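Colleague: File start.cif below, mmCIF, C-alpha atoms:
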data_my_file
loop_
_atom_site.label_atom_id
_atom_site.label_comp_id
_atom_site.auth_asym_id
_atom_site.auth_seq_id
_atom_site.Cartn_x
_atom_site.Cartn_y
_atom_site.Cartn_z
CA MET A 242 -63.33 30.62 -10.57
CA ASN A 243 -66.32 32.89 -11.09
CA ASN A 244 -68.94 31.07 -13.21
CA ASN A 245 -71.37 34.00 -13.14
CA LEU A 246 -69.54 36.23 -15.59
CA THR A 247 -71.59 37.53 -18.51
CA PRO A 248 -70.54 35.77 -21.76
CA LEU A 249 -68.65 38.12 -24.05
CA GLY A 250 -69.62 38.54 -27.66
CA PRO A 251 -67.27 37.89 -30.57
CA LYS A 252 -64.43 40.30 -31.23
CA ALA A 253 -65.43 43.15 -33.54
CA ASP A 254 -63.97 42.78 -37.03
CA LYS A 255 -62.77 45.66 -39.22
CA ALA A 256 -66.13 45.99 -40.99
CA THR A 257 -67.98 46.25 -37.69
CA VAL A 258 -65.56 48.86 -36.37
CA ARG A 259 -65.87 50.90 -39.56
CA ARG A 260 -69.67 50.66 -39.38
CA HIS A 261 -69.55 52.02 -35.83
CA ASN A 262 -67.15 54.81 -36.76
CA LEU A 263 -69.30 55.78 -39.73
CA SER A 264 -72.16 56.41 -37.32
CA LEU A 265 -69.82 58.23 -34.96
CA VAL A 266 -68.79 60.68 -37.67
CA LEU A 267 -72.33 61.23 -38.97
CA ARG A 268 -73.64 61.90 -35.47
CA ALA A 269 -70.78 64.32 -34.84
CA VAL A 270 -71.79 66.36 -37.90
CA HIS A 271 -75.47 66.12 -36.93
CA ASP A 272 -74.94 67.22 -33.33
CA ALA A 273 -72.59 70.08 -34.23
CA GLY A 274 -74.79 71.42 -37.04
CA GLU A 275 -71.67 71.95 -39.11
CA ALA A 276 -68.10 70.70 -38.72
CA THR A 277 -64.80 70.25 -40.51
CA ARG A 278 -62.94 66.97 -40.88
CA ALA A 279 -60.31 68.22 -38.44
CA GLY A 280 -62.95 69.24 -35.93
CA ILE A 281 -64.61 65.84 -36.17
CA ALA A 282 -61.30 64.05 -35.67
CA THR A 283 -60.70 66.03 -32.48
CA ARG A 284 -64.20 65.37 -31.21
CA VAL A 285 -64.43 61.63 -31.84
CA GLY A 286 -60.80 60.70 -31.25
CA LEU A 287 -60.01 59.28 -34.69
CA THR A 288 -57.14 60.22 -36.97
CA ARG A 289 -57.76 62.82 -39.66
CA ALA A 290 -57.05 60.21 -42.32
CA ALA A 291 -59.67 57.85 -40.86
CA VAL A 292 -62.23 60.65 -40.59
CA SER A 293 -61.57 61.75 -44.19
CA SER A 294 -62.18 58.21 -45.43
CA LEU A 295 -65.41 57.94 -43.47
CA VAL A 296 -66.59 61.35 -44.65
CA GLU A 297 -66.01 60.34 -48.27
CA GLN A 298 -68.25 57.33 -47.70
CA LEU A 299 -70.94 59.51 -46.12
CA LEU A 300 -70.71 61.92 -49.06
CA GLU A 301 -71.10 58.99 -51.44
CA TYR A 302 -74.19 57.78 -49.52
CA GLY A 303 -75.65 61.29 -49.63
CA PHE A 304 -75.82 61.70 -45.85
CA VAL A 305 -73.61 64.80 -45.67
CA THR A 306 -72.77 67.67 -48.01
CA GLU A 307 -69.91 70.16 -48.29
CA TRP A 308 -70.69 73.83 -47.69
CA GLY A 309 -67.61 75.85 -48.60
CA LYS A 310 -64.49 76.66 -46.61
CA THR A 311 -63.89 77.91 -43.09
CA SER A 312 -60.73 79.13 -41.37
CA SER A 313 -59.82 77.78 -37.95
CA GLY A 314 -57.47 80.72 -37.30
CA GLN A 315 -54.51 78.35 -37.35
CA VAL A 316 -51.71 77.92 -39.87
CA GLY A 317 -52.68 75.75 -42.84
CA ARG A 318 -55.38 75.43 -45.41
CA PRO A 319 -58.98 76.30 -44.40
CA GLY A 320 -61.21 73.30 -43.77
CA THR A 321 -64.29 72.33 -45.74
CA VAL A 322 -67.53 72.72 -43.80
CA LEU A 323 -69.69 69.60 -43.61
CA LYS A 324 -73.43 69.58 -42.88
CA VAL A 325 -76.06 66.88 -42.78
CA ALA A 326 -77.78 66.66 -46.17
CA ARG A 327 -81.23 68.22 -46.62
CA THR A 328 -82.15 65.51 -49.13
CA GLY A 329 -82.01 61.74 -48.89
CA PRO A 330 -83.08 59.71 -45.83
CA ALA A 331 -85.95 61.02 -43.73
CA GLY A 332 -88.29 59.82 -41.01
CA LEU A 333 -92.07 59.53 -41.27
CA GLY A 334 -94.04 59.91 -38.05
CA ALA A 335 -97.77 59.43 -37.57
CA GLU A 336 -99.78 60.23 -34.45
CA ILE A 337 -103.26 58.78 -34.06
CA ASN A 338 -105.18 60.45 -31.27
CA VAL A 339 -108.81 60.54 -30.22
CA ASP A 340 -109.81 63.61 -32.21
CA TYR A 341 -107.07 64.02 -34.81
CA ILE A 342 -104.42 62.34 -36.95
CA ALA A 343 -101.07 64.07 -37.50
CA VAL A 344 -98.27 63.13 -39.88
CA CYS A 345 -94.78 64.60 -40.02
CA VAL A 346 -91.70 64.09 -42.20
CA VAL A 347 -88.36 65.06 -40.64
CA ASP A 348 -85.00 65.18 -42.44
CA LEU A 349 -81.66 63.99 -41.03
CA ALA A 350 -80.98 67.40 -39.49
CA GLY A 351 -84.21 67.12 -37.50
CA THR A 352 -86.06 69.76 -39.51
CA ASP A 353 -89.79 69.53 -40.06
CA ARG A 354 -90.24 69.29 -43.85
CA VAL A 355 -93.88 68.21 -44.11
CA ARG A 356 -96.66 68.34 -41.54
CA LEU A 357 -100.31 67.43 -42.09
CA VAL A 358 -103.14 67.29 -39.54
CA GLU A 359 -106.67 66.01 -39.97
CA HIS A 360 -109.24 66.66 -37.24
CA VAL A 361 -111.58 63.71 -36.96
CA ASP A 362 -113.30 61.71 -34.22
CA ASN A 363 -111.54 58.33 -34.19
CA ARG A 364 -113.65 56.83 -31.40
CA VAL A 365 -116.56 55.91 -33.65
CA VAL A 366 -114.53 54.18 -36.38
CA GLN A 367 -113.01 50.72 -36.63
CA PRO A 368 -109.22 50.63 -36.02
CA SER A 369 -108.55 49.40 -39.56
CA GLU A 370 -110.42 52.40 -40.98
CA VAL A 371 -108.56 54.83 -38.73
CA LEU A 372 -105.21 53.34 -39.78
CA ALA A 373 -106.26 53.48 -43.45
CA ARG A 374 -107.06 57.17 -42.99
CA ALA A 375 -103.69 57.71 -41.32
CA ALA A 376 -102.02 55.92 -44.24
CA GLN A 377 -103.79 58.22 -46.70
CA LEU A 378 -102.45 61.27 -44.85
CA ALA A 379 -98.99 59.65 -44.73
CA ALA A 380 -99.06 58.96 -48.48
CA ARG A 381 -99.81 62.65 -49.13
CA ALA A 382 -96.95 63.67 -46.86
CA LEU A 383 -94.56 61.27 -48.60
CA GLY A 384 -95.55 62.73 -51.96
CA SER A 385 -94.65 66.22 -50.74
CA ALA A 386 -91.42 64.89 -49.24
CA ALA A 387 -90.43 63.24 -52.52
CA GLU A 388 -90.78 66.60 -54.29
CA GLN A 389 -88.15 67.90 -51.86
CA GLY A 390 -85.76 65.02 -52.56
CA LEU A 391 -86.48 63.14 -49.34
CA VAL A 392 -86.69 59.35 -49.17
CA PRO A 393 -88.42 57.73 -46.15
CA ALA A 394 -86.27 55.31 -44.17
CA GLY A 395 -89.24 54.02 -42.20
CA ALA A 396 -92.44 54.95 -40.41
CA HIS A 397 -93.16 55.17 -36.69
CA VAL A 398 -96.76 55.28 -35.45
CA ALA A 399 -97.78 56.73 -32.08
CA VAL A 400 -101.03 55.91 -30.25
CA PRO A 401 -102.38 56.94 -26.81
CA GLY A 402 -102.31 53.47 -25.29
CA LEU A 403 -100.25 50.48 -24.25
CA VAL A 404 -98.15 49.43 -27.24
CA THR A 405 -95.86 46.42 -27.45
CA GLY A 406 -94.62 44.07 -30.15
CA GLY A 407 -96.38 45.96 -32.94
CA THR A 408 -99.74 45.67 -31.20
CA VAL A 409 -101.87 48.13 -29.27
CA ARG A 410 -102.79 46.05 -26.25
CA GLN A 411 -105.17 48.66 -24.92
CA ALA A 412 -106.07 52.24 -25.88
CA PRO A 413 -109.09 53.01 -23.68
CA ASN A 414 -109.90 56.44 -25.08
CA LEU A 415 -109.89 55.07 -28.63
CA GLY A 416 -111.74 51.93 -27.62
CA TRP A 417 -108.96 49.73 -29.08
CA THR A 418 -107.92 46.32 -27.76
CA ARG A 419 -105.25 44.10 -29.32
CA VAL A 420 -104.93 45.97 -32.60
CA ALA A 421 -102.03 44.91 -34.87
CA ILE A 422 -101.17 48.52 -35.61
CA GLU A 423 -97.89 48.03 -37.48
CA GLY A 424 -99.19 45.41 -39.88
CA LEU A 425 -102.44 47.26 -40.63
CA PHE A 426 -100.70 50.58 -41.22
CA ALA A 427 -97.97 49.03 -43.39
CA GLN A 428 -100.53 47.21 -45.55
CA ALA A 429 -102.68 50.31 -45.97
CA LEU A 430 -99.69 52.47 -46.91
CA LEU A 431 -98.33 49.92 -49.40
CA ALA A 432 -101.76 49.65 -51.05
CA LEU A 433 -101.67 53.41 -51.64
CA ARG A 434 -98.08 53.32 -52.97
CA PRO A 435 -97.84 49.99 -54.84
CA ALA A 436 -94.89 51.15 -56.94
CA HIS A 437 -92.80 51.82 -53.83
CA ARG A 438 -90.98 49.47 -51.51
CA ALA A 439 -92.82 48.57 -48.31
CA LEU A 440 -91.66 50.79 -45.47
CA PRO A 441 -90.49 49.28 -42.17
CA VAL A 442 -93.11 50.28 -39.57
CA SER A 443 -92.64 50.53 -35.81
CA SER A 444 -94.89 51.87 -33.05
CA ASP A 445 -94.99 53.31 -29.54
CA ASN A 446 -97.06 55.17 -26.99
CA GLU A 447 -97.69 58.78 -28.06
CA ALA A 448 -96.49 60.31 -24.77
CA ASN A 449 -93.19 58.46 -25.11
CA VAL A 450 -92.41 59.87 -28.52
CA ALA A 451 -93.70 63.32 -27.56
CA ALA A 452 -91.21 63.29 -24.69
CA LEU A 453 -88.44 62.24 -27.10
CA ALA A 454 -89.40 65.11 -29.40
CA GLU A 455 -89.06 67.45 -26.45
CA LEU A 456 -85.67 65.95 -25.59
CA TRP A 457 -84.32 66.14 -29.15
CA TYR A 458 -85.98 69.26 -30.53
CA GLY A 459 -87.67 71.21 -27.72
CA ALA A 460 -86.32 74.59 -26.65
CA GLY A 461 -87.73 74.12 -23.14
CA THR A 462 -85.44 71.19 -22.34
CA GLU A 463 -82.16 72.82 -23.37
CA GLY A 464 -79.61 71.64 -20.84
CA VAL A 465 -82.17 69.41 -19.10
CA ARG A 466 -81.56 65.65 -19.33
CA SER A 467 -84.10 64.41 -16.77
CA PHE A 468 -87.72 65.50 -16.91
CA LEU A 469 -91.29 64.33 -16.50
CA TYR A 470 -93.42 64.99 -19.58
CA LEU A 471 -97.20 65.24 -19.38
CA THR A 472 -99.56 65.79 -22.24
CA GLY A 473 -103.23 66.61 -21.72
CA GLU A 474 -105.47 65.42 -24.51
CA ILE A 475 -108.77 63.55 -24.13
CA GLY A 476 -106.81 61.49 -21.63
CA ILE A 477 -103.49 62.23 -19.94
CA GLY A 478 -100.24 60.80 -21.26
CA GLY A 479 -96.97 60.77 -19.38
CA ALA A 480 -93.35 59.81 -19.94
CA LEU A 481 -90.17 60.07 -17.92
CA VAL A 482 -86.74 60.88 -19.35
CA LEU A 483 -83.80 60.22 -17.04
CA GLY A 484 -80.25 61.14 -18.03
CA GLY A 485 -81.31 61.62 -21.64
CA GLU A 486 -82.91 58.16 -21.86
CA LEU A 487 -86.61 57.31 -21.95
CA LEU A 488 -87.66 55.15 -18.99
CA ARG A 489 -89.79 52.35 -20.42
CA GLY A 490 -90.11 49.94 -17.51
CA ALA A 491 -89.97 46.15 -17.55
CA HIS A 492 -92.77 45.78 -20.13
CA GLY A 493 -92.55 49.14 -21.92
CA PHE A 494 -95.56 50.65 -20.16
CA ALA A 495 -93.89 53.12 -17.78
CA GLY A 496 -95.35 56.62 -17.59
CA GLU A 497 -99.11 55.91 -17.47
CA ILE A 498 -99.61 58.79 -15.06
CA GLY A 499 -103.12 59.48 -16.33
CA HIS A 500 -104.25 56.26 -14.67
CA MET A 501 -102.77 56.99 -11.28
CA VAL A 502 -105.65 57.02 -8.80
CA VAL A 503 -106.63 60.24 -7.03
CA ASP A 504 -109.92 58.88 -5.62
CA PRO A 505 -110.28 55.07 -5.16
CA ASP A 506 -114.09 55.39 -5.06
CA GLY A 507 -114.27 58.03 -7.77
CA VAL A 508 -115.47 58.23 -11.35
CA LEU A 509 -115.27 55.08 -13.49
CA CYS A 510 -112.48 55.40 -16.07
CA ARG A 511 -112.43 53.89 -19.56
CA CYS A 512 -109.54 51.70 -18.40
CA GLY A 513 -111.89 49.93 -15.98
CA ALA A 514 -110.53 51.45 -12.75
CA ARG A 515 -112.07 54.22 -10.67
CA GLY A 516 -110.76 57.65 -9.80
CA CYS A 517 -107.98 57.91 -12.42
CA LEU A 518 -106.35 61.32 -12.78
CA GLU A 519 -107.59 61.81 -16.34
CA GLN A 520 -111.19 61.71 -15.09
CA TYR A 521 -110.44 64.88 -13.11
CA ALA A 522 -107.74 66.69 -15.06
CA GLY A 523 -108.03 65.40 -18.64
CA GLN A 524 -109.33 67.55 -21.49
CA ALA A 525 -112.83 66.10 -21.37
CA ALA A 526 -113.02 66.56 -17.59
CA LEU A 527 -111.88 70.18 -17.91
CA LEU A 528 -114.43 70.97 -20.60
CA LYS A 529 -117.24 69.33 -18.65
CA ALA A 530 -116.37 71.15 -15.42
CA ALA A 531 -116.30 74.45 -17.33
CA GLY A 532 -119.71 73.83 -18.87
CA ILE A 533 -118.36 73.25 -22.40
CA GLY A 534 -119.29 70.19 -24.46
CA THR A 535 -116.80 67.36 -23.93
CA ASP A 536 -116.89 66.52 -27.66
CA ALA A 537 -115.86 70.04 -28.67
CA GLY A 538 -112.21 69.00 -29.06
CA LEU A 539 -109.78 71.74 -30.05
CA LEU A 540 -112.62 74.22 -30.50
CA GLY A 541 -113.57 73.53 -26.90
CA VAL A 542 -110.01 74.17 -25.76
CA ALA A 543 -110.00 77.47 -27.65
CA GLU A 544 -113.27 78.38 -25.95
CA LEU A 545 -111.76 77.43 -22.59
CA ARG A 546 -108.84 79.80 -23.22
CA ARG A 547 -111.16 82.59 -24.37
CA ARG A 548 -113.28 82.37 -21.24
CA ALA A 549 -110.21 82.09 -19.01
CA ARG A 550 -108.91 85.36 -20.45
CA GLN A 551 -112.26 86.90 -19.60
CA ALA A 552 -111.90 85.60 -16.02
CA ASP A 553 -115.02 83.41 -16.28
CA PRO A 554 -115.43 82.08 -12.70
CA ALA A 555 -116.61 78.61 -13.78
CA VAL A 556 -113.67 78.18 -16.15
CA LEU A 557 -111.06 79.46 -13.70
CA SER A 558 -112.48 77.19 -10.99
CA ALA A 559 -112.39 74.16 -13.32
CA ILE A 560 -108.77 74.84 -14.29
CA GLU A 561 -107.73 75.44 -10.68
CA ARG A 562 -109.31 72.14 -9.52
CA ALA A 563 -107.63 70.26 -12.36
CA GLY A 564 -104.32 71.91 -11.49
CA ARG A 565 -104.60 70.81 -7.86
CA GLN A 566 -105.29 67.19 -8.82
CA LEU A 567 -102.49 67.29 -11.36
CA GLY A 568 -100.12 68.77 -8.80
CA VAL A 569 -100.89 66.04 -6.26
CA VAL A 570 -100.03 63.24 -8.69
CA VAL A 571 -97.02 65.00 -10.23
CA SER A 572 -95.63 65.62 -6.73
CA GLY A 573 -95.60 61.88 -6.13
CA ALA A 574 -93.70 61.32 -9.37
CA VAL A 575 -91.20 64.07 -8.51
CA ASN A 576 -90.62 62.56 -5.07
CA LEU A 577 -90.04 59.17 -6.67
CA PHE A 578 -87.78 60.13 -9.58
CA ASP A 579 -86.35 63.60 -8.77
CA PRO A 580 -86.40 65.06 -12.32
CA ASP A 581 -84.92 68.45 -13.16
CA ALA A 582 -88.18 69.71 -14.63
CA VAL A 583 -91.80 68.90 -15.38
CA MET A 584 -92.91 69.67 -18.94
CA LEU A 585 -96.59 70.28 -19.70
CA GLY A 586 -97.79 69.70 -23.26
CA GLY A 587 -101.09 69.39 -25.11
CA VAL A 588 -104.02 71.24 -23.56
CA TYR A 589 -101.89 71.93 -20.47
CA ARG A 590 -99.51 74.02 -22.52
CA GLU A 591 -102.46 76.03 -23.84
CA LEU A 592 -103.74 76.64 -20.29
CA MET A 593 -100.34 77.09 -18.62
CA GLU A 594 -101.02 80.68 -17.56
CA TRP A 595 -103.97 79.64 -15.39
CA LEU A 596 -103.04 76.04 -14.59
CA ALA A 597 -99.48 76.52 -13.36
CA PRO A 598 -100.19 78.35 -10.06
CA ALA A 599 -102.29 75.46 -8.69
CA VAL A 600 -99.79 72.84 -9.87
CA GLU A 601 -96.86 74.83 -8.45
CA ALA A 602 -98.63 75.23 -5.11
CA GLU A 603 -99.10 71.47 -4.72
CA LEU A 604 -95.51 70.78 -5.79
CA ALA A 605 -94.15 73.30 -3.29
CA ARG A 606 -96.33 71.76 -0.57
CA ARG A 607 -95.66 68.08 -1.31
CA VAL A 608 -92.16 67.61 -2.78
CA VAL A 609 -90.25 66.36 0.24
CA SER A 610 -86.82 67.71 -0.69
CA GLY A 611 -88.12 71.27 -0.48
CA LEU A 612 -86.12 72.03 -3.61
CA TRP A 613 -89.18 72.75 -5.71
CA SER A 614 -90.01 75.93 -3.83
CA GLN A 615 -86.35 77.01 -4.05
CA ASP A 616 -85.70 76.30 -7.73
CA ARG A 617 -88.29 78.27 -9.69
CA GLY A 618 -88.84 77.54 -13.33
CA ARG A 619 -88.87 73.76 -13.00
CA LEU A 620 -92.47 73.61 -14.23
CA ARG A 621 -92.31 74.46 -17.92
CA ALA A 622 -94.50 74.61 -20.98
CA ALA A 623 -93.45 72.07 -23.57
CA SER A 624 -92.28 73.35 -26.93
CA PRO A 625 -95.05 73.58 -29.55
CA LEU A 626 -92.74 71.47 -31.74
CA GLY A 627 -92.48 68.74 -29.12
CA ASP A 628 -95.37 66.66 -30.37
CA ALA A 629 -95.77 62.95 -30.96
CA ALA A 630 -95.76 63.05 -34.77
CA ARG A 631 -92.43 64.85 -34.87
CA GLY A 632 -90.99 62.63 -32.16
CA ALA A 633 -92.13 59.54 -34.07
CA ALA A 634 -90.38 60.78 -37.21
CA GLY A 635 -87.33 61.53 -35.09
CA VAL A 636 -87.18 57.91 -33.94
CA ILE A 637 -86.60 56.85 -37.55
CA VAL A 638 -83.98 59.55 -38.07
CA ARG A 639 -82.11 58.38 -34.97
CA GLU A 640 -82.10 54.83 -36.32
CA VAL A 641 -80.45 56.04 -39.53
CA LEU A 642 -77.89 58.07 -37.57
CA ALA A 643 -77.11 55.03 -35.41
CA ASP A 644 -76.35 52.81 -38.42
CA PRO A 645 -76.13 54.71 -41.73
CA ALA A 646 -74.50 51.71 -43.43
CA ALA A 647 -77.60 49.57 -42.79
CA TYR A 648 -79.82 52.13 -44.51
CA ALA A 649 -77.42 52.46 -47.45
CA GLU A 650 -77.26 48.68 -47.86
CA ARG A 651 -81.03 48.41 -47.79
CA ASP A 652 -81.34 51.20 -50.32
CA ASP A 653 -78.99 49.32 -52.69
CA ASP A 654 -81.06 46.13 -52.61
#
Translate the structure described by the file into structure tokens.
Modeller:
Amino acid sequence: MNNNLTPLGPKADKATVRRHNLSLVLRAVHDAGEATRAGIATRVGLTRAAVSSLVEQLLEYGFVTEWGKTSSGQVGRPGTVLKVARTGPAGLGAEINVDYIAVCVVDLAGTDRVRLVEHVDNRVVQPSEVLARAAQLAARALGSAAEQGLVPAGAHVAVPGLVTGGTVRQAPNLGWTRVAIEGLFAQALLALRPAHRALPVSSDNEANVAALAELWYGAGTEGVRSFLYLTGEIGIGGALVLGGELLRGAHGFAGEIGHMVVDPDGVLCRCGARGCLEQYAGQAALLKAAGIGTDAGLLGVAELRRRARQADPAVLSAIERAGRQLGVVVSGAVNLFDPDAVMLGGVYRELMEWLAPAVEAELARRVVSGLWSQDRGRLRAASPLGDAARGAAGVIVREVLADPAAYAERDDD
């Protein structure tokens, strides 16, 4: 007798099965954009009667709406078109980065409905003050969302650092250590909206949710289910999506490509190590090498682009050196994980025209399979929509889609 079998859970009861099927039908409508009851039944493998019952429940909850009739070209009455509702549950995403705070509200269809950005240096402010500022921006966004009939199902906060259990363990470029981000943000937001119910708050690394935004909403990843995502900001964030799933690692910290070492005896990094990639190819390193102030932020990036267009030798040399270092590290990741594509976001997207040749050259030289030089177009610019704030909001939307009954029950309390 095999005593090593995994214990099985209890048998699913009718309520549990219906809960699962409710999600199945809602996700079918969401993924298709629009669908009929008959079309859903065919897609999910349920009877038309079962699908009709589930649709009625989703209509009652306000998750889907009816949009007139459509003909399938077959004998019988035309079907009623169903779409995900543009009002009701929505996701709130907040991104806290070194030199800006961004907030986004996304509806169930994945459409950006509100987006606010505040450019501010967050390195010189206490974490509690930064989170209070983020909550103020979020409260404004929620006010605009409410005017459009949207109700937040939760908030997801993204930070450029190691995040676990609701706490930022370390965010070197922000100077944060062991910051209870979820609790502080939730308290600050509730204080600004005392008449409203406290929102559930979750958190993650900003590169992770930016990669998810690219997976769910980005045009550049259409048909691509495995890719390496890199974002160049003050530091360098990275995330790996394999088979449509984010690779988190044993402790949730996978993807810290910015702290891969390119020179063991090199420049001291904020993380405490020497020679990290971000010290050679991060935004601050690029600006410094080009002779532009490292504190210039987005204005500095715009100046970098302007001078690159003018073929400024110092700027082109700085970008080319950064591209080589980036290509060396990315080649190692490609050899290890064999993704379909490498997506470049943040400042890298802005500098793609000048950065890509150096990165491509290293990839062609170092990827052992030789496929990189054969399959052109694997290095891609990330979608401008594929940012962390939108991805964070999308996390909440996906939670609602995965269990609409749970949201409806909570809303009835």
Colleague: Which residues match the PyMOL selection byres ((chain A and resi 330-336) around 7) in the file above, as a ChimeraX atom specification?
Modeller: /A:328-329,337-338,342-349,391-400,447,629-631,633-635,637-638
Colleague: Care to translate the PyMOL selection byres ((chain A and resi 558) around 12) into actual residues of this file, as an MDAnalysis selection string?
Modeller: chainID A and resid 527:532 545 548:549 552:557 559:565 595:596 599
Colleague: One decimal, in Å: what's the spacing between atom CA of A:Leu592 and atom CA of A:Arg619?
Modeller: 16.8 Å
Colleague: Find the residues around A:His500 up to 12 Å (all atoms listed in the file counted), leave out those fewer than 6 positions away in its own chain, and share them as a PyMOL selection string.
Modeller: chain A and resi 402-403+413-414+476-479+494+508-523+567+570
Colleague: Find the axis-aligned box for stretch 570-584 of chain A, covering all its listed atoms and adding 6 Å on each side, and write its centre and edge lengths in Å to one decimal as lines of an AutoDock Vina configuration file.
Modeller:
center_x = -92.5
center_y = 64.4
center_z = -12.0
size_x = 27.1
size_y = 22.5
size_z = 25.9
Colleague: Run through the PyMOL selection byres ((chain A and resi 427) around 8) on the given coordinates and return the selected residues as a list in words.
Modeller: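 Answer for the PyMOL selection byres ((chain A and resi 427) around 8): Glu423, Gly424, Leu425, Phe426, Gln428, Ala429, Leu430, Leu431, Ala439, Leu440, Pro441 and Val442 of chain A.
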Colleague: Take the residues from that selection and put them in a file with C-alpha atoms, as a tab-separated table (two decimals), in the coordinates of the input.
Modeller:
chain	number	residue	atom	x	y	z
A	423	GLU	CA	-97.89	48.03	-37.48
A	424	GLY	CA	-99.19	45.41	-39.88
A	425	LEU	CA	-102.44	47.26	-40.63
A	426	PHE	CA	-100.70	50.58	-41.22
A	428	GLN	CA	-100.53	47.21	-45.55
A	429	ALA	CA	-102.68	50.31	-45.97
A	430	LEU	CA	-99.69	52.47	-46.91
A	431	LEU	CA	-98.33	49.92	-49.40
A	439	ALA	CA	-92.82	48.57	-48.31
A	440	LEU	CA	-91.66	50.79	-45.47
A	441	PRO	CA	-90.49	49.28	-42.17
A	442	VAL	CA	-93.11	50.28	-39.57
Colleague: Generate the coordinates of all heavy atoms for stretch 634-639 of chain A; report them as a short mmCIF file (atom, residue, chain, number, x, y, z; two decimals), keeping the file's coordinate frame.
Modeller:
data_model
loop_
_atom_site.label_atom_id
_atom_site.label_comp_id
_atom_site.auth_asym_id
_atom_site.auth_seq_id
_atom_site.Cartn_x
_atom_site.Cartn_y
_atom_site.Cartn_z
N ALA A 634 -91.27 60.65 -36.05
CA ALA A 634 -90.38 60.78 -37.21
C ALA A 634 -88.92 60.81 -36.76
O ALA A 634 -88.03 60.24 -37.41
CB ALA A 634 -90.72 62.04 -38.00
N GLY A 635 -88.68 61.45 -35.62
CA GLY A 635 -87.33 61.53 -35.09
C GLY A 635 -86.76 60.19 -34.70
O GLY A 635 -85.55 59.96 -34.78
N VAL A 636 -87.63 59.26 -34.28
CA VAL A 636 -87.18 57.91 -33.94
C VAL A 636 -86.53 57.26 -35.17
O VAL A 636 -85.47 56.62 -35.07
CB VAL A 636 -88.36 57.05 -33.44
CG1 VAL A 636 -87.97 55.57 -33.35
CG2 VAL A 636 -88.83 57.55 -32.07
N ILE A 637 -87.15 57.43 -36.32
CA ILE A 637 -86.60 56.85 -37.55
C ILE A 637 -85.28 57.51 -37.91
O ILE A 637 -84.30 56.85 -38.29
CB ILE A 637 -87.60 57.01 -38.72
CG1 ILE A 637 -88.94 56.32 -38.38
CG2 ILE A 637 -87.02 56.45 -40.01
CD1 ILE A 637 -88.82 54.84 -38.13
N VAL A 638 -85.22 58.83 -37.79
CA VAL A 638 -83.98 59.55 -38.07
C VAL A 638 -82.85 59.06 -37.18
O VAL A 638 -81.71 58.85 -37.64
CB VAL A 638 -84.20 61.07 -37.89
CG1 VAL A 638 -82.87 61.81 -37.90
CG2 VAL A 638 -85.10 61.61 -39.00
N ARG A 639 -83.14 58.85 -35.90
CA ARG A 639 -82.11 58.38 -34.97
C ARG A 639 -81.63 56.98 -35.35
O ARG A 639 -80.46 56.64 -35.14
CB ARG A 639 -82.67 58.38 -33.55
CG ARG A 639 -82.99 59.77 -33.02
CD ARG A 639 -81.77 60.49 -32.54
NE ARG A 639 -81.98 61.93 -32.47
CZ ARG A 639 -81.23 62.75 -31.73
NH1 ARG A 639 -80.23 62.26 -31.02
NH2 ARG A 639 -81.46 64.04 -31.72
#
